[in-house]
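A.B. asks: Have a look at this one before I ask anything.
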Amino acid sequence: MLAAIVLFWYAAAIWMNAPWQDTLNSRANLTNVPFTDFALSTWAQAKPVLPSPHQVFAEVWNATIGTDITSKRSLAYHAGITLGGTLLGFALGTLLGVGLAVMIVHNDASNRSLMPWIIASQTIPILAIAPMVVVGLGAVGVTGMLPKALISMYLSFFPVVVGMVKGLRTPESIQLDLMRTYNASPWQVFSKLRWPSAIPFLFASMKVGIAISLIGAVVGELSNNAGGGLGVRLLTGSYNGQTVQIWAALFIAAGLAAALVIAVGFAERLANARMGARA
Amino acid sequence: MSLAASVVSAKNLGLTFSTNDGDVIALSDVNLEIGAGEFVSFIGPSGCGKTTFLRVIADLEQPTSGSITVNGTSPSDARLNRAYGYVFQAPALYPWRTIEQNVALPLEIMGLSDRAARIQRTLELVNLTGFEKKFPWQLSGGMQQRASIARALSFDADLLLMDEPFGALDEIVRDHLNSELLKLWARTKKTIAFVTHSIPEAVYLSTKIVVMSPRPGRVTDIIESDLPAERPLDIRETPEFLRLAARVRDACAPATRTRSRACASFSTARPCPFSSCSPRSCSSGTPPPSG
């Protein structure tokens, strides 16, 4: 499968970079270039329309391992900035999501009133909101990680609310009746019954939430290129036609998202093992 | 409270559920005394209100008429005093807790001390010693139900309410658990209210059998058992046992001769045990619709 993608990618690179290569060749008065030479040169342009895989991975390598981590050119440095915003936003979003879910499950008025607003919040395009948040907060002196984190939070609380409302409502009536026969307090019902039964739902929601947190952080960075981060690399790359740089940043972002989802999955397995799930 | 005092006392108890399709009379005019140390079974077809009555004792449903006391107080106060342990139809163990943690659940909620000793003692009562660290899914259905009984026993309430606890188990496991329950009852001297729809189970276990009938749910007969306290499983083949079982069957299932008797009395003084059956359906021999 991977081989097929790479093959397709190389073929597409020839096709998409061909017009520019033709121009280059005619400027150099080259005619009758053999196809193999032509293909090799489409894969080695400085600013290709579609960079070839080996160019992208060379750039990824150079910009991470090959560059000092404190350098502004290091993608590891920018990935670190993005990661910080993502994690803070994810933590805030998860807390907000759980908080809202608890209110919805325990309070009838919240149950009726909150959900439509929560759904409406997700119909607003984040690309429209993000600059307003970043610029608005920047105007009152809040810059750096927090505006990005707020955008991440805005995206990531949603799956957590939906999952946790479902999760906190999973206990069956006999399990709730059982708590009633013990004369358990609402807090005991929550901590000993509703919360543990919602844990599997929490992890499923968090897996979705952390991936879109990263998207939120990158989108937040697009609106403020002073702070750095993968979003800024994407933006400067596109300003300067540095397609290789864009693709490298994209791959780092994708790798980061995958690593974060795997990390949540690992935490889920630890929790499951503690809670006696079947191996 | 003296030993002879009644643990549960219901007078003219009624409960009507309001539904969108109109009122459903779940219990009507129930009068019943349960004395300390008794083993009382509630038997009858589904819809006769036996589970509802148990839930009223447990303060899980509120009666709409009449009065009921549990340990001399209202069911609500009895629940607040943690006067009873309730065993549901399904084990309802928490899957994320081990067996000992499940048994510890009421102890944690009630803030009781010496948990380890209580857990060990109750698990011993239900023969689950050695399974403390297992999770519920590692146990068979019968063992899970025993663990749920242990959970109901762990905080030493004097009253045990059991709602068809063995209804979902196969007959062999059920026989085994029935005889274990009798031993447990003899050892702990608890008062047990036990809902079932198995006549042999009711006759085998009980000192008193309450026969109920549906629409509206009410008590049609209360049969005191004359079986000896010591009951090996093969007591179920003795003539005394079969006679008692036949009596219970007569009282709750209106098979041919009982129905004709019931129908004969319908037009006279005694009300028909099947309020829903019209004299016509009785005389035509069609049983009332069961629910």
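Every chain in the structure tokens has a letter given in the order shown (A, B, ...), and although residue numbers restart at 1 in each chain, ligands are simply numbered from 1 in the order shown.
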Define the interface residues of chain A facing chain B as those within 6 Å, counting only C-alpha atoms, and report them as a PyMOL selection string.

C.D. replies: chain A and resi 175+183+275-276

A.B. asks: Restricted to N, CA and C atoms, what would the selected residues look like written as a short mmCIF file (atom, residue, chain, number, x, y, z; two decimals), in the first residue's frame?

C.D. replies:
```
data_model
loop_
_atom_site.label_atom_id
_atom_site.label_comp_id
_atom_site.auth_asym_id
_atom_site.auth_seq_id
_atom_site.Cartn_x
_atom_site.Cartn_y
_atom_site.Cartn_z
N GLN A 175 -28.18 -0.47 38.44
CA GLN A 175 -26.96 0.00 39.11
C GLN A 175 -27.23 1.29 39.88
N ASN A 183 -28.24 4.38 49.99
CA ASN A 183 -28.37 5.78 50.40
C ASN A 183 -27.08 6.54 50.07
N MET A 275 -8.57 -1.25 35.29
CA MET A 275 -9.99 -1.43 35.52
C MET A 275 -10.47 -2.81 35.11
N GLY A 276 -9.52 -3.74 34.94
CA GLY A 276 -9.90 -5.15 34.79
C GLY A 276 -10.55 -5.52 33.48
#
```

A.B. asks: Write out as a PyMOL selection string all residues of range 15-260 of chain B that backbone DSSP assigns to helix (DSSP H, G or I).

C.D. replies: chain B and resi 50-57+75-80+99-110+115-125+136-138+141-153+171-188+199-205+233-237+239-252+256-260

A.B. asks: Identify which of the residues B:Ala10, B:Arg236, B:Ala168, B:Gly49 lies closest to Thr73 in chain B, counting only C-alpha atoms when measuring atom-to-atom distances.

C.D. replies: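 Closest to Thr73 in chain B of all the choices is B:Ala10.
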
A.B. asks: Leaving out Tyr10 in chain A and any residue of its chain fewer than 3 positions from it, which residues lie within 8 Å of it when counting only C-alpha atoms, given as a ChimeraX atom specification?

C.D. replies: /A:6-7,13-14,43,52-53

A.B. asks: Pull C-alpha atoms from the residues just selected and write them as a JSON list (two decimals), in the first residue's frame.

C.D. replies:
```
[["chain", "number", "residue", "atom", "x", "y", "z"],
["A", 6, "VAL", "CA", 5.05, 6.40, -3.15],
["A", 7, "LEU", "CA", 4.91, 5.24, -6.79],
["A", 13, "ALA", "CA", 5.56, 14.76, -9.29],
["A", 14, "ILE", "CA", 6.73, 14.22, -12.89],
["A", 43, "TRP", "CA", 12.22, 15.31, -8.90],
["A", 52, "SER", "CA", 9.14, 14.28, -4.59],
["A", 53, "PRO", "CA", 9.18, 12.06, -1.48]]
```

A.B. asks: Arg243 in chain B: which residues within 12 Å, counting only C-alpha atoms, same-chain residues fewer than 5 positions away excluded, as a PyMOL selection string?

C.D. replies: chain B and resi 199-200+203+225-227+235-238+248-250

A.B. asks: As a list in words, please: the residues near Ser41 in chain A (cut-off 8 Å, only C-alpha atoms, same-chain neighbours under 4 positions excluded).

C.D. replies: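 Near Ser41 in chain A, the qualifying residues are Gln21, Asp37 and Gln45 of chain A.
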
A.B. asks: Skip range 20-37 of chain B itself and residues of its chain fewer than 3 positions away, then list as number ranges by chain all residues within 8 Å of it, counting only C-alpha atoms.

C.D. replies: B: 3-17, 40, 47-49, 52-53, 66, 189-192, 214-219

A.B. asks: Which residue, B:Val210, B:Leu244, B:Leu205, B:Ala150, has the smallest gap to Leu182 in chain B when you use only C-alpha atoms?

C.D. replies: B:Leu205

A.B. asks: Have a look at CA of Ala28 in chain A and CA of Thr243 in chain A and let me know their distance in Å, one decimal.

C.D. replies: 23.3 Å
